[in-house]
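The structure file input01.pdb is reproduced below (PDB, C-alpha atoms and all ligand atoms).
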MODEL        1
ATOM      1  CA  MET A 335      97.657 102.237 120.115  1.00  0.00           C
ATOM      2  CA  ASN A 336      97.391 100.647 123.561  1.00  0.00           C
ATOM      3  CA  GLU A 337      98.848  97.300 122.710  1.00  0.00           C
ATOM      4  CA  GLN A 338     102.215  95.630 122.497  1.00  0.00           C
ATOM      5  CA  ILE A 339     103.363  92.744 120.397  1.00  0.00           C
ATOM      6  CA  LYS A 340     105.333  89.956 122.005  1.00  0.00           C
ATOM      7  CA  VAL A 341     107.433  87.752 119.703  1.00  0.00           C
ATOM      8  CA  ARG A 342     106.221  84.124 119.658  1.00  0.00           C
ATOM      9  CA  ILE A 343     108.113  82.762 116.652  1.00  0.00           C
ATOM     10  CA  SER A 344     111.119  84.774 115.473  1.00  0.00           C
ATOM     11  CA  GLU A 345     111.801  85.796 111.893  1.00  0.00           C
ATOM     12  CA  GLU A 346     114.766  83.387 111.763  1.00  0.00           C
ATOM     13  CA  GLU A 347     112.665  80.456 112.986  1.00  0.00           C
ATOM     14  CA  VAL A 348     109.863  81.219 110.518  1.00  0.00           C
ATOM     15  CA  ASN A 349     112.232  81.540 107.574  1.00  0.00           C
ATOM     16  CA  ALA A 350     114.085  78.343 108.479  1.00  0.00           C
ATOM     17  CA  ARG A 351     110.821  76.419 108.663  1.00  0.00           C
ATOM     18  CA  ILE A 352     109.618  77.877 105.352  1.00  0.00           C
ATOM     19  CA  ALA A 353     112.846  76.700 103.704  1.00  0.00           C
ATOM     20  CA  GLU A 354     112.183  73.176 105.036  1.00  0.00           C
ATOM     21  CA  ILE A 355     108.610  73.135 103.701  1.00  0.00           C
ATOM     22  CA  ALA A 356     109.753  74.489 100.315  1.00  0.00           C
ATOM     23  CA  ALA A 357     112.387  71.735 100.105  1.00  0.00           C
ATOM     24  CA  GLN A 358     109.753  69.109 100.926  1.00  0.00           C
ATOM     25  CA  ILE A 359     107.334  70.455  98.297  1.00  0.00           C
ATOM     26  CA  SER A 360     110.135  70.632  95.692  1.00  0.00           C
ATOM     27  CA  GLU A 361     110.945  66.991  96.442  1.00  0.00           C
ATOM     28  CA  ASP A 362     107.284  65.860  96.366  1.00  0.00           C
ATOM     29  CA  PHE A 363     106.666  67.564  93.005  1.00  0.00           C
ATOM     30  CA  LYS A 364     109.974  66.768  91.294  1.00  0.00           C
ATOM     31  CA  GLY A 365     109.514  66.983  87.490  1.00  0.00           C
ATOM     32  CA  GLU A 366     106.107  68.640  87.860  1.00  0.00           C
ATOM     33  CA  GLU A 367     104.741  72.168  87.842  1.00  0.00           C
ATOM     34  CA  ILE A 368     102.875  73.705  90.764  1.00  0.00           C
ATOM     35  CA  LEU A 369     100.100  76.256  90.830  1.00  0.00           C
ATOM     36  CA  ALA A 370     100.373  78.035  94.176  1.00  0.00           C
ATOM     37  CA  VAL A 371      97.118  79.618  95.308  1.00  0.00           C
ATOM     38  CA  GLY A 372      97.783  82.214  97.985  1.00  0.00           C
ATOM     39  CA  ILE A 373      94.839  83.200 100.124  1.00  0.00           C
ATOM     40  CA  LEU A 374      94.391  86.941 100.392  1.00  0.00           C
ATOM     41  CA  ARG A 375      95.232  88.769 102.430  1.00  0.00           C
ATOM     42  CA  GLY A 376      96.815  86.765 105.230  1.00  0.00           C
ATOM     43  CA  GLY A 377      98.551  84.155 103.068  1.00  0.00           C
ATOM     44  CA  VAL A 378     100.443  86.652 100.900  1.00  0.00           C
ATOM     45  CA  TYR A 379     103.684  86.927 102.890  1.00  0.00           C
ATOM     46  CA  PHE A 380     103.947  83.180 103.476  1.00  0.00           C
ATOM     47  CA  CYS A 381     103.060  82.425  99.843  1.00  0.00           C
ATOM     48  CA  THR A 382     105.748  84.677  98.381  1.00  0.00           C
ATOM     49  CA  GLU A 383     108.440  83.539 100.859  1.00  0.00           C
ATOM     50  CA  LEU A 384     107.537  79.897 100.252  1.00  0.00           C
ATOM     51  CA  THR A 385     107.381  80.007  96.451  1.00  0.00           C
ATOM     52  CA  LYS A 386     110.712  81.908  96.290  1.00  0.00           C
ATOM     53  CA  ARG A 387     112.335  78.813  97.771  1.00  0.00           C
ATOM     54  CA  ILE A 388     110.553  76.154  95.685  1.00  0.00           C
ATOM     55  CA  THR A 389     112.823  74.762  92.983  1.00  0.00           C
ATOM     56  CA  VAL A 390     110.211  73.261  90.587  1.00  0.00           C
ATOM     57  CA  PRO A 391     108.287  75.581  88.204  1.00  0.00           C
ATOM     58  CA  VAL A 392     105.602  77.620  89.979  1.00  0.00           C
ATOM     59  CA  ILE A 393     102.584  79.535  88.677  1.00  0.00           C
ATOM     60  CA  LEU A 394     101.250  82.030  91.196  1.00  0.00           C
ATOM     61  CA  ASP A 395      97.644  83.057  91.702  1.00  0.00           C
ATOM     62  CA  PHE A 396      95.520  84.439  94.525  1.00  0.00           C
ATOM     63  CA  ILE A 397      92.007  84.005  95.842  1.00  0.00           C
ATOM     64  CA  GLU A 398      90.182  85.926  98.543  1.00  0.00           C
ATOM     65  CA  ALA A 399      87.699  84.403 100.933  1.00  0.00           C
ATOM     66  CA  SER A 400      86.247  86.443 103.742  1.00  0.00           C
ATOM     67  CA  SER A 401      85.681  84.960 107.162  1.00  0.00           C
ATOM     68  CA  TYR A 402      86.794  87.420 109.818  1.00  0.00           C
ATOM     69  CA  GLY A 403      85.644  90.982 110.509  1.00  0.00           C
ATOM     70  CA  ASP A 404      87.754  93.495 112.400  1.00  0.00           C
ATOM     71  CA  GLY A 405      87.728  91.539 115.648  1.00  0.00           C
ATOM     72  CA  THR A 406      89.161  88.239 116.788  1.00  0.00           C
ATOM     73  CA  GLN A 407      86.078  86.002 116.440  1.00  0.00           C
ATOM     74  CA  SER A 408      84.977  84.128 113.320  1.00  0.00           C
ATOM     75  CA  CYS A 409      81.595  85.217 111.992  1.00  0.00           C
ATOM     76  CA  GLY A 410      81.140  81.637 110.726  1.00  0.00           C
ATOM     77  CA  GLN A 411      80.422  82.741 107.162  1.00  0.00           C
ATOM     78  CA  VAL A 412      82.765  82.313 104.238  1.00  0.00           C
ATOM     79  CA  LYS A 413      82.460  83.529 100.682  1.00  0.00           C
ATOM     80  CA  ILE A 414      84.824  83.941  97.724  1.00  0.00           C
ATOM     81  CA  THR A 415      85.249  87.674  97.199  1.00  0.00           C
ATOM     82  CA  LYS A 416      88.056  87.551  94.599  1.00  0.00           C
ATOM     83  CA  ASP A 417      88.420  84.540  92.366  1.00  0.00           C
ATOM     84  CA  LEU A 418      91.455  83.014  90.646  1.00  0.00           C
ATOM     85  CA  ILE A 419      92.644  84.200  87.245  1.00  0.00           C
ATOM     86  CA  GLU A 420      94.067  80.786  86.292  1.00  0.00           C
ATOM     87  CA  ASP A 421      92.159  77.701  85.208  1.00  0.00           C
ATOM     88  CA  ILE A 422      93.311  75.030  87.660  1.00  0.00           C
ATOM     89  CA  ALA A 423      91.974  71.979  85.783  1.00  0.00           C
ATOM     90  CA  GLY A 424      94.717  69.354  85.464  1.00  0.00           C
ATOM     91  CA  LYS A 425      97.158  71.375  87.612  1.00  0.00           C
ATOM     92  CA  ASN A 426      98.980  70.531  90.849  1.00  0.00           C
ATOM     93  CA  VAL A 427      97.370  73.072  93.137  1.00  0.00           C
ATOM     94  CA  ILE A 428      98.827  73.999  96.510  1.00  0.00           C
ATOM     95  CA  VAL A 429      96.638  76.292  98.579  1.00  0.00           C
ATOM     96  CA  VAL A 430      98.832  78.518 100.738  1.00  0.00           C
ATOM     97  CA  GLU A 431      97.208  79.876 103.886  1.00  0.00           C
ATOM     98  CA  ASP A 432      98.478  81.790 106.904  1.00  0.00           C
ATOM     99  CA  ILE A 433      96.615  79.877 109.614  1.00  0.00           C
ATOM    100  CA  VAL A 434      94.020  77.131 109.945  1.00  0.00           C
ATOM    101  CA  ASP A 435      91.750  77.999 112.853  1.00  0.00           C
ATOM    102  CA  THR A 436      88.179  76.642 112.853  1.00  0.00           C
ATOM    103  CA  GLY A 437      88.736  75.264 109.338  1.00  0.00           C
ATOM    104  CA  ARG A 438      85.503  76.837 108.039  1.00  0.00           C
ATOM    105  CA  THR A 439      87.158  79.071 105.421  1.00  0.00           C
ATOM    106  CA  LEU A 440      89.344  76.358 104.024  1.00  0.00           C
ATOM    107  CA  SER A 441      86.843  73.522 103.915  1.00  0.00           C
ATOM    108  CA  LEU A 442      84.547  75.635 101.753  1.00  0.00           C
ATOM    109  CA  LEU A 443      87.383  76.887  99.620  1.00  0.00           C
ATOM    110  CA  LEU A 444      88.871  73.426  99.084  1.00  0.00           C
ATOM    111  CA  GLU A 445      85.436  72.080  98.153  1.00  0.00           C
ATOM    112  CA  ASN A 446      85.069  74.881  95.601  1.00  0.00           C
ATOM    113  CA  LEU A 447      88.534  74.275  94.122  1.00  0.00           C
ATOM    114  CA  ARG A 448      88.079  70.485  93.978  1.00  0.00           C
ATOM    115  CA  LYS A 449      85.075  70.975  91.680  1.00  0.00           C
ATOM    116  CA  ARG A 450      87.407  72.671  89.157  1.00  0.00           C
ATOM    117  CA  ASN A 451      89.175  69.307  88.612  1.00  0.00           C
ATOM    118  CA  PRO A 452      92.798  69.986  89.564  1.00  0.00           C
ATOM    119  CA  LYS A 453      95.260  67.116  89.061  1.00  0.00           C
ATOM    120  CA  SER A 454      96.069  67.313  92.770  1.00  0.00           C
ATOM    121  CA  LEU A 455      95.013  69.633  95.579  1.00  0.00           C
ATOM    122  CA  LYS A 456      97.160  70.173  98.674  1.00  0.00           C
ATOM    123  CA  LEU A 457      96.921  72.525 101.607  1.00  0.00           C
ATOM    124  CA  CYS A 458      99.972  74.275 103.021  1.00  0.00           C
ATOM    125  CA  THR A 459      99.607  76.461 106.106  1.00  0.00           C
ATOM    126  CA  LEU A 460     102.169  78.396 108.093  1.00  0.00           C
ATOM    127  CA  LEU A 461     100.309  77.875 111.363  1.00  0.00           C
ATOM    128  CA  ASP A 462      97.781  75.384 112.657  1.00  0.00           C
ATOM    129  CA  LYS A 463      95.575  75.863 115.749  1.00  0.00           C
ATOM    130  CA  PRO A 464      94.124  72.326 116.072  1.00  0.00           C
ATOM    131  CA  GLU A 465      92.333  73.077 119.381  1.00  0.00           C
ATOM    132  CA  ARG A 466      90.017  75.489 117.576  1.00  0.00           C
ATOM    133  CA  ARG A 467      88.992  73.131 114.764  1.00  0.00           C
ATOM    134  CA  VAL A 468      85.252  72.937 114.025  1.00  0.00           C
ATOM    135  CA  VAL A 469      85.448  71.496 110.491  1.00  0.00           C
ATOM    136  CA  GLU A 470      88.083  68.877 109.601  1.00  0.00           C
ATOM    137  CA  VAL A 471      90.488  69.922 106.852  1.00  0.00           C
ATOM    138  CA  PRO A 472      93.413  67.827 105.615  1.00  0.00           C
ATOM    139  CA  VAL A 473      96.641  69.790 106.222  1.00  0.00           C
ATOM    140  CA  ASP A 474      99.391  68.485 103.926  1.00  0.00           C
ATOM    141  CA  TYR A 475     102.178  70.905 104.906  1.00  0.00           C
ATOM    142  CA  ASN A 476     102.255  72.770 108.215  1.00  0.00           C
ATOM    143  CA  GLY A 477     104.836  75.220 109.551  1.00  0.00           C
ATOM    144  CA  PHE A 478     104.011  75.287 113.255  1.00  0.00           C
ATOM    145  CA  GLN A 479     101.271  74.054 115.564  1.00  0.00           C
ATOM    146  CA  ILE A 480     100.263  76.729 118.053  1.00  0.00           C
ATOM    147  CA  PRO A 481      97.924  76.801 121.066  1.00  0.00           C
ATOM    148  CA  ASN A 482      94.640  78.697 121.121  1.00  0.00           C
ATOM    149  CA  GLU A 483      95.919  82.259 121.111  1.00  0.00           C
ATOM    150  CA  PHE A 484      95.482  85.120 118.675  1.00  0.00           C
ATOM    151  CA  VAL A 485      98.613  85.774 116.646  1.00  0.00           C
ATOM    152  CA  VAL A 486      99.695  88.537 114.260  1.00  0.00           C
ATOM    153  CA  GLY A 487     102.491  89.167 111.786  1.00  0.00           C
ATOM    154  CA  TYR A 488     103.772  87.389 108.685  1.00  0.00           C
ATOM    155  CA  GLY A 489     100.503  88.281 106.943  1.00  0.00           C
ATOM    156  CA  MET A 490      98.171  87.914 109.912  1.00  0.00           C
ATOM    157  CA  ASP A 491      96.314  90.928 111.244  1.00  0.00           C
ATOM    158  CA  TYR A 492      94.499  92.348 114.201  1.00  0.00           C
ATOM    159  CA  ALA A 493      91.970  94.871 112.807  1.00  0.00           C
ATOM    160  CA  GLN A 494      94.099  95.027 109.625  1.00  0.00           C
ATOM    161  CA  ARG A 495      97.264  95.972 111.505  1.00  0.00           C
ATOM    162  CA  TYR A 496     100.561  94.112 111.979  1.00  0.00           C
ATOM    163  CA  ARG A 497     100.428  92.041 108.768  1.00  0.00           C
ATOM    164  CA  ASN A 498     103.863  93.376 107.810  1.00  0.00           C
ATOM    165  CA  LEU A 499     105.674  92.217 110.957  1.00  0.00           C
ATOM    166  CA  PRO A 500     108.465  89.865 109.846  1.00  0.00           C
ATOM    167  CA  TYR A 501     107.842  87.515 112.820  1.00  0.00           C
ATOM    168  CA  ILE A 502     104.825  85.934 114.527  1.00  0.00           C
ATOM    169  CA  GLY A 503     103.687  87.680 117.679  1.00  0.00           C
ATOM    170  CA  VAL A 504     100.817  87.892 120.145  1.00  0.00           C
ATOM    171  CA  VAL A 505      98.937  91.069 120.969  1.00  0.00           C
ATOM    172  CA  GLU A 506      99.153  92.138 124.588  1.00  0.00           C
ATOM    173  CA  ALA A 507      97.069  94.982 126.002  1.00  0.00           C
ATOM    174  CA  GLU A 508      99.234  97.555 127.830  1.00  0.00           C
TER     175      GLU A 508
HETATM  176  P1  LIG B   1      89.063  79.656 109.953  1.00  0.00           P
HETATM  177  O1  LIG B   1      88.044  79.607 108.868  1.00  0.00           O
HETATM  178  O2  LIG B   1      88.433  79.812 111.298  1.00  0.00           O
HETATM  179  O3  LIG B   1      90.041  78.501 109.918  1.00  0.00           O
HETATM  180  O4  LIG B   1      89.831  81.023 109.780  1.00  0.00           O
HETATM  181  C1  LIG B   1      90.949  81.159 109.047  1.00  0.00           C
HETATM  182  C2  LIG B   1      91.271  82.624 108.892  1.00  0.00           C
HETATM  183  O5  LIG B   1      90.991  83.353 110.081  1.00  0.00           O
HETATM  184  C3  LIG B   1      92.751  82.787 108.666  1.00  0.00           C
HETATM  185  O6  LIG B   1      93.064  82.749 107.306  1.00  0.00           O
HETATM  186  C4  LIG B   1      93.021  84.139 109.281  1.00  0.00           C
HETATM  187  O7  LIG B   1      92.804  85.151 108.321  1.00  0.00           O
HETATM  188  C5  LIG B   1      92.010  84.276 110.391  1.00  0.00           C
HETATM  189  N1  LIG B   1      92.607  83.916 111.692  1.00  0.00           N
HETATM  190  C6  LIG B   1      92.397  82.837 112.435  1.00  0.00           C
HETATM  191  N2  LIG B   1      93.120  82.839 113.561  1.00  0.00           N
HETATM  192  C7  LIG B   1      93.840  83.986 113.515  1.00  0.00           C
HETATM  193  C8  LIG B   1      94.823  84.568 114.387  1.00  0.00           C
HETATM  194  O8  LIG B   1      95.216  84.044 115.445  1.00  0.00           O
HETATM  195  N3  LIG B   1      95.335  85.764 113.975  1.00  0.00           N
HETATM  196  C9  LIG B   1      94.984  86.388 112.828  1.00  0.00           C
HETATM  197  N4  LIG B   1      94.079  85.867 111.979  1.00  0.00           N
HETATM  198  C10 LIG B   1      93.504  84.676 112.326  1.00  0.00           C
ENDMDL
END
I need this file expressed as structure tokens, please.
Amino acid sequence: MNEQIKVRISEEEVNARIAEIAAQISEDFKGEEILAVGILRGGVYFCTELTKRITVPVILDFIEASSYGDGTQSCGQVKITKDLIEDIAGKNVIVVEDIVDTGRTLSLLLENLRKRNPKSLKLCTLLDKPERRVVEVPVDYNGFQIPNEFVVGYGMDYAQRYRNLPYIGVVEAE
């Protein structure tokens, strides 16, 4: 491979921020149960690390929505390719995503989930790239705001690689 990964946000920084978000969510939902909806595949690492640290009861489910191909540009089309197992009606749903970029994937997904009548519907993302936004989406919990650059690691990929990096990095051609 002719590329190198430069660390942007270290594993320690990411984990510390996740602990803060988990504490905030635990406080906001005191006495309630949460249904965490991780978005496959990118949101998996963040979703598991986050829910491990949440102190109120959590039900875990996953949904897959496709938006990106093997490159770095959005194809502008989103569809649900793997649906939830759980019925979310009357539940406190928190959608857990790796990164909000144009917002296209999430706006469609949130619209779809809202129609299933959850008690509440929140969005939690590890990263937010506000400069790239095309469709407005309400972000309730955000780990880090980043500039317009392509990042990998902590669930995020470049052509399906680097998802398992325990930190957030940028791809640099050698
Ligand atoms: P959106 O619909 O444009 O907001 O795209 C969101 C999805 O695109 C994310 O869930 C990621 O899977 C992918 N994505 C957006 N930006 C990046 C990036 O910098 N690195 C890796 N994946 C990204």
Closest contacts (range 448-472 of chain A/range 489-497 of chain A, max 12 Å, only C-alpha atoms) as a tab-separated table:
residue	atom	partner	partner_atom	distance
A:Thr459	CA	A:Gly489	CA	11.9
A:Leu460	CA	A:Gly489	CA	10.1
A:Leu461	CA	A:Met490	CA	10.4
As a list in words, please: the residues near Ala356 in chain A (cut-off 12 Å, only C-alpha atoms, same-chain neighbours under 6 positions excluded).
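Once the adjacent positions are removed, what remains is Asn349, Ala350, Asp362, Phe363, Lys364, Ile368, Ala370, Phe380, Cys381, Thr382, Glu383, Leu384, Thr385, Lys386, Arg387, Ile388, Thr389, Val390, Val392, Ile428, Val430, Cys458, Thr459, Leu460, Tyr475, Asn476 and Gly477 of chain A.
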How would you write, as a VMD selection string, the set of residues no farther than 8 Å from ligand LIG 1 (chain B) when counting all atoms listed in the file?
chain A and resid 373 375 to 377 401 to 402 406 408 410 412 431 to 441 463 466 to 467 482 to 486 490 to 492
Next, the residues of the selection above should be written as a PDB file, in the coordinates of the input with C-alpha atoms.
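Wrote it out as again.pdb, contents follow:
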ATOM      1  CA  ILE A 373      94.839  83.200 100.124  1.00  0.00           C
ATOM      2  CA  ARG A 375      95.232  88.769 102.430  1.00  0.00           C
ATOM      3  CA  GLY A 376      96.815  86.765 105.230  1.00  0.00           C
ATOM      4  CA  GLY A 377      98.551  84.155 103.068  1.00  0.00           C
ATOM      5  CA  SER A 401      85.681  84.960 107.162  1.00  0.00           C
ATOM      6  CA  TYR A 402      86.794  87.420 109.818  1.00  0.00           C
ATOM      7  CA  THR A 406      89.161  88.239 116.788  1.00  0.00           C
ATOM      8  CA  SER A 408      84.977  84.128 113.320  1.00  0.00           C
ATOM      9  CA  GLY A 410      81.140  81.637 110.726  1.00  0.00           C
ATOM     10  CA  VAL A 412      82.765  82.313 104.238  1.00  0.00           C
ATOM     11  CA  GLU A 431      97.208  79.876 103.886  1.00  0.00           C
ATOM     12  CA  ASP A 432      98.478  81.790 106.904  1.00  0.00           C
ATOM     13  CA  ILE A 433      96.615  79.877 109.614  1.00  0.00           C
ATOM     14  CA  VAL A 434      94.020  77.131 109.945  1.00  0.00           C
ATOM     15  CA  ASP A 435      91.750  77.999 112.853  1.00  0.00           C
ATOM     16  CA  THR A 436      88.179  76.642 112.853  1.00  0.00           C
ATOM     17  CA  GLY A 437      88.736  75.264 109.338  1.00  0.00           C
ATOM     18  CA  ARG A 438      85.503  76.837 108.039  1.00  0.00           C
ATOM     19  CA  THR A 439      87.158  79.071 105.421  1.00  0.00           C
ATOM     20  CA  LEU A 440      89.344  76.358 104.024  1.00  0.00           C
ATOM     21  CA  SER A 441      86.843  73.522 103.915  1.00  0.00           C
ATOM     22  CA  LYS A 463      95.575  75.863 115.749  1.00  0.00           C
ATOM     23  CA  ARG A 466      90.017  75.489 117.576  1.00  0.00           C
ATOM     24  CA  ARG A 467      88.992  73.131 114.764  1.00  0.00           C
ATOM     25  CA  ASN A 482      94.640  78.697 121.121  1.00  0.00           C
ATOM     26  CA  GLU A 483      95.919  82.259 121.111  1.00  0.00           C
ATOM     27  CA  PHE A 484      95.482  85.120 118.675  1.00  0.00           C
ATOM     28  CA  VAL A 485      98.613  85.774 116.646  1.00  0.00           C
ATOM     29  CA  VAL A 486      99.695  88.537 114.260  1.00  0.00           C
ATOM     30  CA  MET A 490      98.171  87.914 109.912  1.00  0.00           C
ATOM     31  CA  ASP A 491      96.314  90.928 111.244  1.00  0.00           C
ATOM     32  CA  TYR A 492      94.499  92.348 114.201  1.00  0.00           C
TER      33      TYR A 492
END
A straight line from CA of Asn446 in chain A to CA of Glu470 in chain A spans 15.5 Å
Nearest to Asn498 in chain A by atom-to-atom distance, counting all atoms listed in the file, from A:Val348, A:Leu444, A:Val469, A:Val378
A:Val378
Which residues, written as a list in words, have at least one atom at most 10 Å from Asp395 in chain A, with only C-alpha atoms counted and residues fewer than 4 positions away on the same chain left out?
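These residues fall inside the cut-off: Leu369, Ala370, Val371, Gly372, Ile373, Cys381, Asp417, Leu418, Ile419, Glu420, Ile422 and Val429 of chain A.
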Show me the residues around (90.4, 63.7, 85.2) - criterion: an atom at most 9 Å away, all atoms listed in the file counted - as an MDAnalysis selection string.
chainID A and resid 423:424 451:453
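Nearest-residue note for Ile414 in chain A: choosing from A:Leu394, A:Val473, A:Leu455, A:Leu442, the minimum distance belongs to A:Leu442, counting only C-alpha atoms.
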Have a look at CA of Arg351 in chain A and CA of Glu366 in chain A and let me know their distance in Å, one decimal.
22.7 Å
Compare A:Pro391, A:Pro464, A:Gly365, A:Pro500 by their minimum atom-to-atom distance to Phe478 in chain A, counting all atoms listed in the file, and give me the closest one.
A:Pro464
What does the distance between CA of Tyr488 in chain A and CA of Ile343 in chain A come to in Å, to one decimal place?
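If I compute the distance from CA of Tyr488 in chain A to CA of Ile343 in chain A, I get 10.2 Å.
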I want to know what sits within 8 Å of Lys340 in chain A, based on all atoms listed in the file, with residues of the same chain fewer than 6 positions away left out; could you give that as a list in words?
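Listed by chain and then number, they are Gly503, Val504, Val505 and Glu506 of chain A.
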